[in-house]
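Asks: Pasting a structure below so you can have a look.
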Amino acid sequence: MRSRYSAYVVKQYTYILDTYAAEQKAGLDTQTLAQSAAGTQWLRLDIQATSSTSNKAKVRFKAFYRDGEQFYLMHEDSSFILENNQWRYTQGEIQDDSGLLKPGRNDECVCGSQKKFKKCCGR
Ligand SMILES: [Zn+2]
């Protein structure tokens, strides 16, 4: 999960594609992944909870990102299966508070710097 996030940050779409489970991977290619993430600047990843059995895992996370002057939250429960000894992504359940963020100028910055928004990403 964390490695998938890191791959998005550095735009390693081949890696991301390889971490999809076979069934989900079938309809995807690196170009589609790149297009869907174009303009996205990832700011922070918070892992909220994880659970796993021998061959299934769930990860609840919050990822913060910006696109131009707008800030967003992706809050998702991701599901993984163990496939050829690798954890691979099967699906994500988007949580209701996902979407556009409206940080106040004096709020703590969404990127996790602990500075005020106006003195950090909101400048
Ligand atoms: Zn910031």
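Naming works like this for the structure tokens: A, B, ... for the chains as they're shown, residue 1 at the start of each chain, ligands 1 onward in shown order.
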How would you write, as a ChimeraX atom specification, the set of residues in segment 11-116 of chain A that DSSP gives as strand (DSSP E or B)?
Replies: /A:20,41-52,56-67,70-83,86-94,99-101,108,116
Asks: As a ChimeraX atom specification, please: the residues near segment 45-56 of chain A (cut-off 10 Å, only C-alpha atoms, same-chain neighbours under 6 positions excluded).
Replies: /A:1-2,5-6,62-65,73-83,85-90,111-112
Asks: Within 9 Å of ligand 1, which residues show up when you count only C-alpha atoms and all ligand atoms? List them as a list in words, please.
Replies: Leu43, Glu108, Cys109, Val110, Cys111, Gly112, Ser113, Gln114, Lys115, Lys116, Phe117, Lys118, Lys119, Cys120, Cys121, Gly122 and Arg123 of chain A
Asks: Could you find all residues in chain A that DSSP calls alpha helix (DSSP H) from the backbone, and write them as a PyMOL selection string?
Replies: chain A and resi 2-9+13-18+22-25+30-37
